[in-house]
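Below is one structure; the comments refer to it alone.
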Amino acid sequence: MSKFRKESGPATPKSASNFSEINISRRGMMKMFSAGAALSTGIISLPNGAWAAEATPVKGGKLRAAAANSSAADTMDPAKANNSGDYMRQYMFYSGLTELDSKLIPQMGLAESISSSDGVTWSIKLRQGVTFHDGKSLNAQDVVFSLSRHKDPAVASTAISLAKQFASIKAVGLMEVELVLEQANFDLPSILGTPAFLILQDGTKDFSKAVGTGPYVCKEFTPGNRTLGERNKNFWKPGLPHLDEVELLGVTDQAARVNALLSGELHFVSTISSRDVKRINGSGSCSVLESKSGMYSDLILRQDAPVTGNPDFVLAMKYLQPRELLLKTALQGFGTVANDHPVPPWHPYFNKDLPQRPNDLDKAKFYLKKSGLVKPSLEIVTTDNIEGAMEGAQFLQQLGAQVGMNLKVRRVPYDGYWSQHWMKHPISYGSVNPRPTLDLLFSQFYKSDAPWNESGWKNPQFDQLVTAARGERDQARRKQMYGDMQALVYDHCGTIIPLFISSLDGYSNKVKGVESYPSGMMMGYRFSEFVWLAS
């Protein structure tokens, strides 16, 4: 493997980064690492998971929740989902073959067991007695249909690059599926626990509602407005869900979400600003759930544009990042300093040998001069509701002026941002939710053929490493491979990641069973299944 390259440039005192925010997820990630090490023994068999709940949950009641995403593109199709609102909605109505628990460990869902002797050929045995909302029994053909459709270009699945590794999917009995991969991938159980691979009924074409096996039956779905679910009395998990109804609204205005929570109109809301934490916690009626995670907002420099595709300009922009200042001001400390690659420092595969980039105006000037660009004038396109993006853009505008850049900030409406602006300008901001494995993260956002390759970065060495790491059993070698991938992103990629952001959700103190999940906001998007309302 290639050694980690250090950049040339003017000398800079080594900065002492403060990682005091690293805490709760370390034990969970080490458990995941241990589980990964167990995969190298050759035989993989994942037993049924247990669904723990707090003592004496209260049954009944209607919970009203709000996601920060809402538009006419809201969908019930897992292949089309691309934001937290879609994920929350779909987890109300569908179930997956596996599920990621609060420690990111895959547990059995609709699958009773998943096993493989080589990481290539997998046997998936389904749970008996599971029925869809219309009464049809779950069988192997439903799974074959649900997984196979992601390979069809006409479906335009967001998981098409992941599904390319599925060489064949076939039923080998009424309740058993054989899934053969193009090459070994020991992360398959975790991959199958992600939202894209929720299980549909064979032949599903109508997504105006949802007919799944999930905890709620869809009563209403209005894109851009609301979703209403009624408790599934035949849900396959004994004792769940607790609520009679869940109403999920789309409220893109952050102040409106907070005010509705504090007034009692809403019980659970996603994406709370760090500025609202003190107000909510001090209300006496509501609290904030902080979940440490690998979520980040990133500055995207398109590599196919004349100025932002200049590698020295990219480095200049990386040295402009005021990471510690952003953590203190924009996030109020609810986050962790990042280092321009997407692996958080508590992850077992984190590359600690990469020097932390400081905010260094001298180095920014050095690389700007080296780029040959004379006072480049560019627009940073951003919007509200991307945590830290507006503050980051404004800081860059001020700092850029000190090194010879003319950076302007263009704020656009959040409605339509992801379809009209994200990845469509030389400079814009993105927001990436946590992924359960590095393979998923790198495959979806950094491989040359990734559907969400934000900066359009292409690196054949990186692509080869992603593919090779999937089938590597030796944990030391796998860690080295992922370390090399981080180095390539750190050195060459056009996405700049200043911070990892804690997920902050607000909830009424009447809501019980609330727990932090590193897999995503609102309890890994699955709050509706587990919480209840106190009487």
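Ordered as shown in the structure tokens, chains take letters A, B, and onward, while each chain numbers its residues from 1 and ligands are numbered from 1 in the order shown.
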
All residues 10 Å or closer to region 486-492 of chain A, only C-alpha atoms, same chain fewer than 2 positions away omitted, as a PyMOL selection string: chain A and resi 2-7+311-312+314-315+318+339-343+349-351+353-355+357+442+446+457-459+461-462+480-484+494-497

Writing out the chosen residues with N, CA, C and O atoms as a compact mmCIF listing (two decimals), in the first residue's frame:
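Writing the result to part.txt gives the following:
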# COMPACT_ATOMS: atom_id res chain seq x y z
N SER A 2 0.33 2.31 -0.60
CA SER A 2 1.09 3.55 -0.68
C SER A 2 1.24 4.17 0.70
O SER A 2 0.37 4.06 1.55
N LYS A 3 2.34 4.83 0.91
CA LYS A 3 2.54 5.53 2.17
C LYS A 3 1.82 6.87 2.13
O LYS A 3 1.56 7.43 1.08
N PHE A 4 1.51 7.38 3.31
CA PHE A 4 0.77 8.63 3.39
C PHE A 4 1.69 9.79 3.02
O PHE A 4 2.74 9.98 3.61
N ARG A 5 1.25 10.58 2.05
CA ARG A 5 2.06 11.68 1.55
C ARG A 5 1.80 12.93 2.37
O ARG A 5 0.67 13.24 2.71
N LYS A 6 2.84 13.66 2.68
CA LYS A 6 2.70 14.97 3.33
C LYS A 6 2.89 16.05 2.28
O LYS A 6 3.69 15.93 1.37
N GLU A 7 2.12 17.15 2.43
CA GLU A 7 2.20 18.23 1.45
C GLU A 7 3.44 19.09 1.68
O GLU A 7 3.93 19.21 2.80
N PRO A 311 -5.84 21.71 -8.36
CA PRO A 311 -5.52 21.06 -7.07
C PRO A 311 -4.89 22.01 -6.05
O PRO A 311 -5.09 21.84 -4.84
N ASP A 312 -4.15 22.99 -6.50
CA ASP A 312 -3.55 23.92 -5.55
C ASP A 312 -4.58 24.89 -4.99
O ASP A 312 -4.50 25.30 -3.82
N VAL A 314 -7.66 24.00 -4.46
CA VAL A 314 -8.36 23.16 -3.48
C VAL A 314 -7.60 23.15 -2.16
O VAL A 314 -8.19 23.31 -1.08
N LEU A 315 -6.27 23.00 -2.22
CA LEU A 315 -5.47 23.01 -0.99
C LEU A 315 -5.55 24.37 -0.29
O LEU A 315 -5.61 24.44 0.94
N LYS A 318 -8.65 24.43 1.61
CA LYS A 318 -8.60 23.56 2.79
C LYS A 318 -7.90 24.25 3.96
O LYS A 318 -8.29 24.08 5.12
N ASN A 339 -10.93 16.27 9.31
CA ASN A 339 -9.64 16.50 8.64
C ASN A 339 -9.72 16.25 7.14
O ASN A 339 -8.84 15.64 6.54
N ASP A 340 -10.84 16.69 6.53
CA ASP A 340 -11.02 16.64 5.08
C ASP A 340 -11.12 15.22 4.51
O ASP A 340 -10.85 14.99 3.33
N HIS A 341 -11.52 14.28 5.34
CA HIS A 341 -11.94 12.97 4.86
C HIS A 341 -13.09 12.53 5.76
O HIS A 341 -13.26 13.06 6.86
N PRO A 342 -13.90 11.56 5.34
CA PRO A 342 -15.18 11.32 6.02
C PRO A 342 -15.15 10.31 7.16
O PRO A 342 -16.22 9.83 7.57
N VAL A 343 -13.97 9.98 7.70
CA VAL A 343 -13.89 8.98 8.77
C VAL A 343 -13.65 9.70 10.10
O VAL A 343 -12.62 10.36 10.27
N TYR A 349 -11.05 2.35 12.07
CA TYR A 349 -10.20 2.44 10.87
C TYR A 349 -9.66 3.85 10.63
O TYR A 349 -9.08 4.13 9.58
N PHE A 350 -9.85 4.75 11.58
CA PHE A 350 -9.38 6.13 11.44
C PHE A 350 -7.86 6.18 11.24
O PHE A 350 -7.10 5.51 11.95
N ASN A 351 -7.42 6.97 10.27
CA ASN A 351 -6.00 7.12 9.97
C ASN A 351 -5.43 8.27 10.81
O ASN A 351 -5.54 9.43 10.45
N ASP A 353 -2.38 8.95 11.30
CA ASP A 353 -1.09 9.43 10.82
C ASP A 353 -1.19 10.65 9.91
O ASP A 353 -0.17 11.27 9.59
N LEU A 354 -2.39 11.00 9.50
CA LEU A 354 -2.55 12.19 8.65
C LEU A 354 -2.50 13.44 9.53
O LEU A 354 -3.29 13.57 10.48
N PRO A 355 -1.62 14.38 9.25
CA PRO A 355 -1.52 15.59 10.10
C PRO A 355 -2.80 16.41 10.02
O PRO A 355 -3.36 16.61 8.93
N ARG A 357 -5.04 19.38 9.53
CA ARG A 357 -4.88 20.66 8.85
C ARG A 357 -5.38 21.79 9.75
O ARG A 357 -6.53 21.80 10.17
N PHE A 442 -17.78 5.25 1.13
CA PHE A 442 -16.87 5.49 0.00
C PHE A 442 -17.52 5.10 -1.33
O PHE A 442 -17.30 5.77 -2.35
N TYR A 446 -17.61 8.62 -3.05
CA TYR A 446 -16.23 8.91 -3.45
C TYR A 446 -15.72 8.08 -4.62
O TYR A 446 -14.78 8.50 -5.29
N TRP A 457 -14.87 13.78 -8.34
CA TRP A 457 -13.48 13.31 -8.20
C TRP A 457 -13.35 11.89 -8.73
O TRP A 457 -14.19 11.04 -8.46
N LYS A 458 -12.31 11.64 -9.50
CA LYS A 458 -12.07 10.29 -10.04
C LYS A 458 -10.62 9.90 -9.77
O LYS A 458 -9.70 10.61 -10.15
N ASN A 459 -10.47 8.74 -9.12
CA ASN A 459 -9.14 8.27 -8.76
C ASN A 459 -9.12 6.74 -8.86
O ASN A 459 -9.69 6.05 -8.02
N GLN A 461 -6.84 4.49 -8.30
CA GLN A 461 -6.25 3.80 -7.16
C GLN A 461 -7.26 3.68 -6.02
O GLN A 461 -7.38 2.63 -5.39
N PHE A 462 -8.00 4.76 -5.78
CA PHE A 462 -9.02 4.74 -4.75
C PHE A 462 -10.09 3.71 -5.08
O PHE A 462 -10.50 2.91 -4.22
N GLN A 480 -5.31 -0.91 6.93
CA GLN A 480 -4.32 -0.22 6.11
C GLN A 480 -4.95 0.29 4.81
O GLN A 480 -4.69 1.41 4.36
N MET A 481 -5.81 -0.56 4.21
CA MET A 481 -6.47 -0.16 2.97
C MET A 481 -7.35 1.08 3.19
O MET A 481 -7.30 2.04 2.42
N TYR A 482 -8.15 1.06 4.26
CA TYR A 482 -9.00 2.21 4.54
C TYR A 482 -8.18 3.43 4.95
O TYR A 482 -8.57 4.57 4.68
N GLY A 483 -7.02 3.21 5.55
CA GLY A 483 -6.12 4.32 5.84
C GLY A 483 -5.60 4.96 4.57
O GLY A 483 -5.51 6.18 4.45
N ASP A 484 -5.25 4.12 3.59
CA ASP A 484 -4.79 4.64 2.30
C ASP A 484 -5.90 5.40 1.58
O ASP A 484 -5.65 6.42 0.93
N GLY A 494 -11.97 16.82 -3.95
CA GLY A 494 -12.49 18.19 -3.98
C GLY A 494 -13.56 18.47 -2.94
O GLY A 494 -14.18 19.53 -2.99
N THR A 495 -13.80 17.55 -2.01
CA THR A 495 -14.71 17.85 -0.91
C THR A 495 -13.90 18.21 0.34
O THR A 495 -12.89 17.57 0.62
N ILE A 496 -14.35 19.24 1.04
CA ILE A 496 -13.67 19.71 2.23
C ILE A 496 -14.59 19.50 3.42
O ILE A 496 -15.72 20.00 3.45
N ILE A 497 -14.11 18.75 4.41
CA ILE A 497 -14.92 18.40 5.58
C ILE A 497 -14.28 19.02 6.82
O ILE A 497 -13.26 18.53 7.31

10 Å contact set for region 134-148 of chain A, only C-alpha atoms, chain neighbours under 4 positions out, as a short mmCIF file (atom, residue, chain, number, x, y, z; two decimals) with N, CA and C atoms, in the first residue's frame:
data_model
loop_
_atom_site.label_atom_id
_atom_site.label_comp_id
_atom_site.auth_asym_id
_atom_site.auth_seq_id
_atom_site.Cartn_x
_atom_site.Cartn_y
_atom_site.Cartn_z
N PRO A 78 -38.09 3.01 -1.61
CA PRO A 78 -36.76 2.97 -1.00
C PRO A 78 -35.62 3.21 -1.99
N ALA A 79 -35.83 2.87 -3.25
CA ALA A 79 -34.78 3.07 -4.25
C ALA A 79 -34.58 4.54 -4.58
N GLY A 96 -36.47 -4.25 6.94
CA GLY A 96 -35.33 -4.75 6.19
C GLY A 96 -34.96 -6.16 6.59
N LEU A 97 -34.09 -6.77 5.81
CA LEU A 97 -33.60 -8.10 6.15
C LEU A 97 -32.79 -8.06 7.43
N LEU A 110 -36.13 -9.16 8.90
CA LEU A 110 -36.96 -10.14 8.20
C LEU A 110 -36.19 -11.42 7.92
N ALA A 111 -34.89 -11.34 7.92
CA ALA A 111 -34.07 -12.55 7.79
C ALA A 111 -33.95 -13.22 9.15
N ILE A 124 -29.76 -16.57 2.71
CA ILE A 124 -30.64 -15.72 3.51
C ILE A 124 -31.91 -16.51 3.79
N LYS A 125 -32.11 -16.91 5.03
CA LYS A 125 -33.31 -17.64 5.43
C LYS A 125 -34.27 -16.67 6.10
N LEU A 126 -35.51 -16.68 5.64
CA LEU A 126 -36.48 -15.68 6.08
C LEU A 126 -37.25 -16.12 7.31
N ARG A 127 -37.69 -15.12 8.04
CA ARG A 127 -38.48 -15.32 9.25
C ARG A 127 -39.87 -15.85 8.86
N GLN A 128 -40.34 -16.84 9.56
CA GLN A 128 -41.67 -17.40 9.30
C GLN A 128 -42.75 -16.52 9.90
N GLY A 129 -43.93 -16.54 9.27
CA GLY A 129 -45.11 -15.90 9.83
C GLY A 129 -45.21 -14.41 9.66
N VAL A 130 -44.37 -13.82 8.81
CA VAL A 130 -44.44 -12.37 8.58
C VAL A 130 -45.43 -12.09 7.45
N ASP A 152 -31.57 -2.46 -11.97
CA ASP A 152 -32.23 -2.02 -13.21
C ASP A 152 -32.01 -0.52 -13.40
N ALA A 159 -29.06 3.26 -4.93
CA ALA A 159 -28.16 2.19 -4.49
C ALA A 159 -27.65 1.35 -5.66
N ILE A 160 -27.74 1.88 -6.87
CA ILE A 160 -27.36 1.07 -8.03
C ILE A 160 -25.90 0.66 -8.00
N ALA A 163 -25.68 -2.24 -5.69
CA ALA A 163 -26.34 -3.43 -6.24
C ALA A 163 -25.55 -4.06 -7.38
N LYS A 164 -24.63 -3.32 -7.95
CA LYS A 164 -23.82 -3.90 -9.03
C LYS A 164 -23.02 -5.11 -8.56
N PHE A 166 -24.18 -7.46 -6.80
CA PHE A 166 -25.06 -8.63 -6.73
C PHE A 166 -24.99 -9.36 -8.07
N ALA A 167 -24.22 -10.44 -8.14
CA ALA A 167 -24.09 -11.19 -9.39
C ALA A 167 -25.36 -11.95 -9.71
N SER A 168 -25.97 -12.57 -8.70
CA SER A 168 -27.23 -13.28 -8.92
C SER A 168 -28.02 -13.30 -7.63
N ILE A 169 -29.35 -13.24 -7.78
CA ILE A 169 -30.27 -13.29 -6.63
C ILE A 169 -31.38 -14.25 -7.03
N LYS A 170 -31.51 -15.33 -6.30
CA LYS A 170 -32.55 -16.30 -6.67
C LYS A 170 -33.13 -16.97 -5.44
N ALA A 171 -34.41 -17.35 -5.57
CA ALA A 171 -35.08 -18.11 -4.52
C ALA A 171 -34.66 -19.57 -4.64
N VAL A 172 -34.26 -20.17 -3.53
CA VAL A 172 -33.88 -21.58 -3.53
C VAL A 172 -34.85 -22.36 -2.64
N GLY A 173 -35.99 -21.81 -2.43
CA GLY A 173 -37.04 -22.39 -1.61
C GLY A 173 -38.05 -21.30 -1.31
N LEU A 174 -39.14 -21.65 -0.71
CA LEU A 174 -40.17 -20.66 -0.43
C LEU A 174 -39.67 -19.56 0.50
N MET A 175 -38.76 -19.91 1.42
CA MET A 175 -38.32 -18.96 2.44
C MET A 175 -36.80 -18.81 2.48
N GLU A 176 -36.12 -19.07 1.39
CA GLU A 176 -34.66 -18.95 1.37
C GLU A 176 -34.21 -18.32 0.05
N VAL A 177 -33.27 -17.41 0.16
CA VAL A 177 -32.70 -16.72 -1.00
C VAL A 177 -31.20 -16.95 -1.04
N GLU A 178 -30.69 -17.20 -2.23
CA GLU A 178 -29.24 -17.28 -2.43
C GLU A 178 -28.79 -16.02 -3.13
N LEU A 179 -27.91 -15.30 -2.49
CA LEU A 179 -27.35 -14.06 -3.04
C LEU A 179 -25.87 -14.28 -3.29
N LEU A 192 -27.35 -4.59 3.96
CA LEU A 192 -28.76 -4.95 3.84
C LEU A 192 -29.61 -4.29 4.92
N ALA A 196 -32.16 1.82 1.69
CA ALA A 196 -32.42 1.49 0.29
C ALA A 196 -32.92 0.06 0.12
N PHE A 197 -32.48 -0.85 0.99
CA PHE A 197 -32.77 -2.26 0.81
C PHE A 197 -33.94 -2.74 1.68
N LEU A 198 -34.83 -1.84 2.05
CA LEU A 198 -36.07 -2.26 2.69
C LEU A 198 -36.86 -3.15 1.73
N ILE A 199 -37.62 -4.08 2.28
CA ILE A 199 -38.25 -5.12 1.46
C ILE A 199 -39.67 -4.72 1.05
N LEU A 200 -39.90 -4.82 -0.26
CA LEU A 200 -41.20 -4.55 -0.86
C LEU A 200 -41.90 -5.86 -1.20
N GLN A 201 -43.18 -5.75 -1.50
CA GLN A 201 -43.92 -6.90 -2.01
C GLN A 201 -43.57 -7.11 -3.48
N ASP A 202 -43.43 -8.36 -3.88
CA ASP A 202 -43.08 -8.71 -5.26
C ASP A 202 -43.99 -7.98 -6.25
N GLY A 203 -43.35 -7.30 -7.22
CA GLY A 203 -44.10 -6.64 -8.28
C GLY A 203 -44.60 -5.25 -7.97
N THR A 204 -44.24 -4.69 -6.84
CA THR A 204 -44.72 -3.35 -6.45
C THR A 204 -44.34 -2.30 -7.49
N VAL A 211 -47.22 -0.58 0.98
CA VAL A 211 -47.69 -1.85 1.52
C VAL A 211 -46.45 -2.65 1.88
N GLY A 212 -46.09 -2.62 3.17
CA GLY A 212 -44.88 -3.28 3.62
C GLY A 212 -45.17 -4.23 4.76
N THR A 213 -44.12 -4.53 5.52
CA THR A 213 -44.25 -5.38 6.71
C THR A 213 -43.89 -4.61 7.97
N VAL A 217 -49.28 0.89 9.27
CA VAL A 217 -49.99 0.77 7.99
C VAL A 217 -50.24 2.17 7.47
N ASN A 234 -50.54 -6.64 13.25
CA ASN A 234 -49.91 -7.92 12.94
C ASN A 234 -48.40 -7.79 12.75
#

Strand (DSSP E or B) positions in region 99-306 of chain A, given as a PyMOL selection string: chain A and resi 99-100+106-108+111-116+121-126+131+137+166-173+176-181+216-222+226-231+245-250+268-269+286-291+296-301

DSSP helix (DSSP H, G or I) residues within region 229-441 of chain A, listed as a count of residues only: 69

Non-local contacts of Trp532 (chain A) (10 Å; only C-alpha atoms; under 4 positions in same chain excluded) as a ChimeraX atom specification: /A:57-63,241-244,510-514,527-528

Can you write just those residues out, N, CA, C and O atoms, as a PDB file, in the first residue's frame?
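Writing done, so here's result31.pdb:
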ATOM      1  N   PRO A  57     -43.798   0.205  28.948  1.00  0.00           N
ATOM      2  CA  PRO A  57     -44.221   1.177  27.933  1.00  0.00           C
ATOM      3  C   PRO A  57     -45.737   1.352  27.966  1.00  0.00           C
ATOM      4  O   PRO A  57     -46.479   0.425  28.292  1.00  0.00           O
ATOM      5  N   VAL A  58     -46.174   2.537  27.629  1.00  0.00           N
ATOM      6  CA  VAL A  58     -47.604   2.836  27.575  1.00  0.00           C
ATOM      7  C   VAL A  58     -48.087   2.617  26.148  1.00  0.00           C
ATOM      8  O   VAL A  58     -47.458   3.067  25.186  1.00  0.00           O
ATOM      9  N   LYS A  59     -49.189   1.926  26.000  1.00  0.00           N
ATOM     10  CA  LYS A  59     -49.750   1.666  24.679  1.00  0.00           C
ATOM     11  C   LYS A  59     -50.743   2.759  24.300  1.00  0.00           C
ATOM     12  O   LYS A  59     -51.472   3.291  25.136  1.00  0.00           O
ATOM     13  N   GLY A  60     -50.777   3.070  23.000  1.00  0.00           N
ATOM     14  CA  GLY A  60     -51.776   3.992  22.474  1.00  0.00           C
ATOM     15  C   GLY A  60     -51.259   5.403  22.284  1.00  0.00           C
ATOM     16  O   GLY A  60     -50.112   5.733  22.566  1.00  0.00           O
ATOM     17  N   GLY A  61     -52.142   6.246  21.780  1.00  0.00           N
ATOM     18  CA  GLY A  61     -51.808   7.649  21.569  1.00  0.00           C
ATOM     19  C   GLY A  61     -51.309   7.928  20.163  1.00  0.00           C
ATOM     20  O   GLY A  61     -50.918   7.022  19.423  1.00  0.00           O
ATOM     21  N   LYS A  62     -51.320   9.204  19.824  1.00  0.00           N
ATOM     22  CA  LYS A  62     -50.854   9.660  18.517  1.00  0.00           C
ATOM     23  C   LYS A  62     -49.673  10.593  18.707  1.00  0.00           C
ATOM     24  O   LYS A  62     -49.753  11.567  19.470  1.00  0.00           O
ATOM     25  N   LEU A  63     -48.585  10.295  18.044  1.00  0.00           N
ATOM     26  CA  LEU A  63     -47.383  11.125  18.106  1.00  0.00           C
ATOM     27  C   LEU A  63     -47.254  11.911  16.820  1.00  0.00           C
ATOM     28  O   LEU A  63     -47.409  11.360  15.721  1.00  0.00           O
ATOM     29  N   PRO A 241     -45.414  -1.852  17.456  1.00  0.00           N
ATOM     30  CA  PRO A 241     -45.019  -0.593  18.090  1.00  0.00           C
ATOM     31  C   PRO A 241     -45.968  -0.268  19.248  1.00  0.00           C
ATOM     32  O   PRO A 241     -46.955  -0.962  19.461  1.00  0.00           O
ATOM     33  N   HIS A 242     -45.670   0.803  19.956  1.00  0.00           N
ATOM     34  CA  HIS A 242     -46.461   1.179  21.118  1.00  0.00           C
ATOM     35  C   HIS A 242     -47.576   2.163  20.771  1.00  0.00           C
ATOM     36  O   HIS A 242     -48.636   2.154  21.396  1.00  0.00           O
ATOM     37  N   LEU A 243     -47.354   3.011  19.781  1.00  0.00           N
ATOM     38  CA  LEU A 243     -48.292   4.080  19.459  1.00  0.00           C
ATOM     39  C   LEU A 243     -49.421   3.581  18.557  1.00  0.00           C
ATOM     40  O   LEU A 243     -49.234   2.659  17.760  1.00  0.00           O
ATOM     41  N   ASP A 244     -50.576   4.211  18.675  1.00  0.00           N
ATOM     42  CA  ASP A 244     -51.683   3.901  17.771  1.00  0.00           C
ATOM     43  C   ASP A 244     -51.476   4.560  16.414  1.00  0.00           C
ATOM     44  O   ASP A 244     -51.768   3.964  15.370  1.00  0.00           O
ATOM     45  N   LYS A 510     -42.816  14.007  27.303  1.00  0.00           N
ATOM     46  CA  LYS A 510     -43.845  12.966  27.303  1.00  0.00           C
ATOM     47  C   LYS A 510     -43.424  11.756  26.482  1.00  0.00           C
ATOM     48  O   LYS A 510     -43.987  10.680  26.634  1.00  0.00           O
ATOM     49  N   VAL A 511     -42.449  11.957  25.587  1.00  0.00           N
ATOM     50  CA  VAL A 511     -41.983  10.870  24.724  1.00  0.00           C
ATOM     51  C   VAL A 511     -40.945  10.050  25.480  1.00  0.00           C
ATOM     52  O   VAL A 511     -39.931  10.581  25.944  1.00  0.00           O
ATOM     53  N   LYS A 512     -41.182   8.764  25.587  1.00  0.00           N
ATOM     54  CA  LYS A 512     -40.291   7.867  26.305  1.00  0.00           C
ATOM     55  C   LYS A 512     -39.698   6.829  25.346  1.00  0.00           C
ATOM     56  O   LYS A 512     -40.208   6.620  24.254  1.00  0.00           O
ATOM     57  N   GLY A 513     -38.626   6.178  25.824  1.00  0.00           N
ATOM     58  CA  GLY A 513     -37.952   5.182  24.996  1.00  0.00           C
ATOM     59  C   GLY A 513     -36.957   5.782  24.031  1.00  0.00           C
ATOM     60  O   GLY A 513     -36.477   5.107  23.123  1.00  0.00           O
ATOM     61  N   VAL A 514     -36.623   7.059  24.221  1.00  0.00           N
ATOM     62  CA  VAL A 514     -35.704   7.760  23.316  1.00  0.00           C
ATOM     63  C   VAL A 514     -34.274   7.288  23.576  1.00  0.00           C
ATOM     64  O   VAL A 514     -33.832   7.187  24.723  1.00  0.00           O
ATOM     65  N   PHE A 527     -37.504   6.090  15.029  1.00  0.00           N
ATOM     66  CA  PHE A 527     -38.120   6.462  16.298  1.00  0.00           C
ATOM     67  C   PHE A 527     -39.546   5.915  16.424  1.00  0.00           C
ATOM     68  O   PHE A 527     -39.988   5.519  17.502  1.00  0.00           O
ATOM     69  N   SER A 528     -40.303   5.914  15.330  1.00  0.00           N
ATOM     70  CA  SER A 528     -41.724   5.565  15.390  1.00  0.00           C
ATOM     71  C   SER A 528     -41.948   4.146  15.889  1.00  0.00           C
ATOM     72  O   SER A 528     -42.989   3.844  16.479  1.00  0.00           O
TER      73      SER A 528
END

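Note that the spacing between CA of Thr121 (chain A) and CA of Asn185 (chain A) amounts to 9.7 Å.
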
Pick from A:Ser71, A:Asn82, A:Ala401, A:Phe186 nearest to Ile114 (chain A), counting only C-alpha atoms: A:Phe186
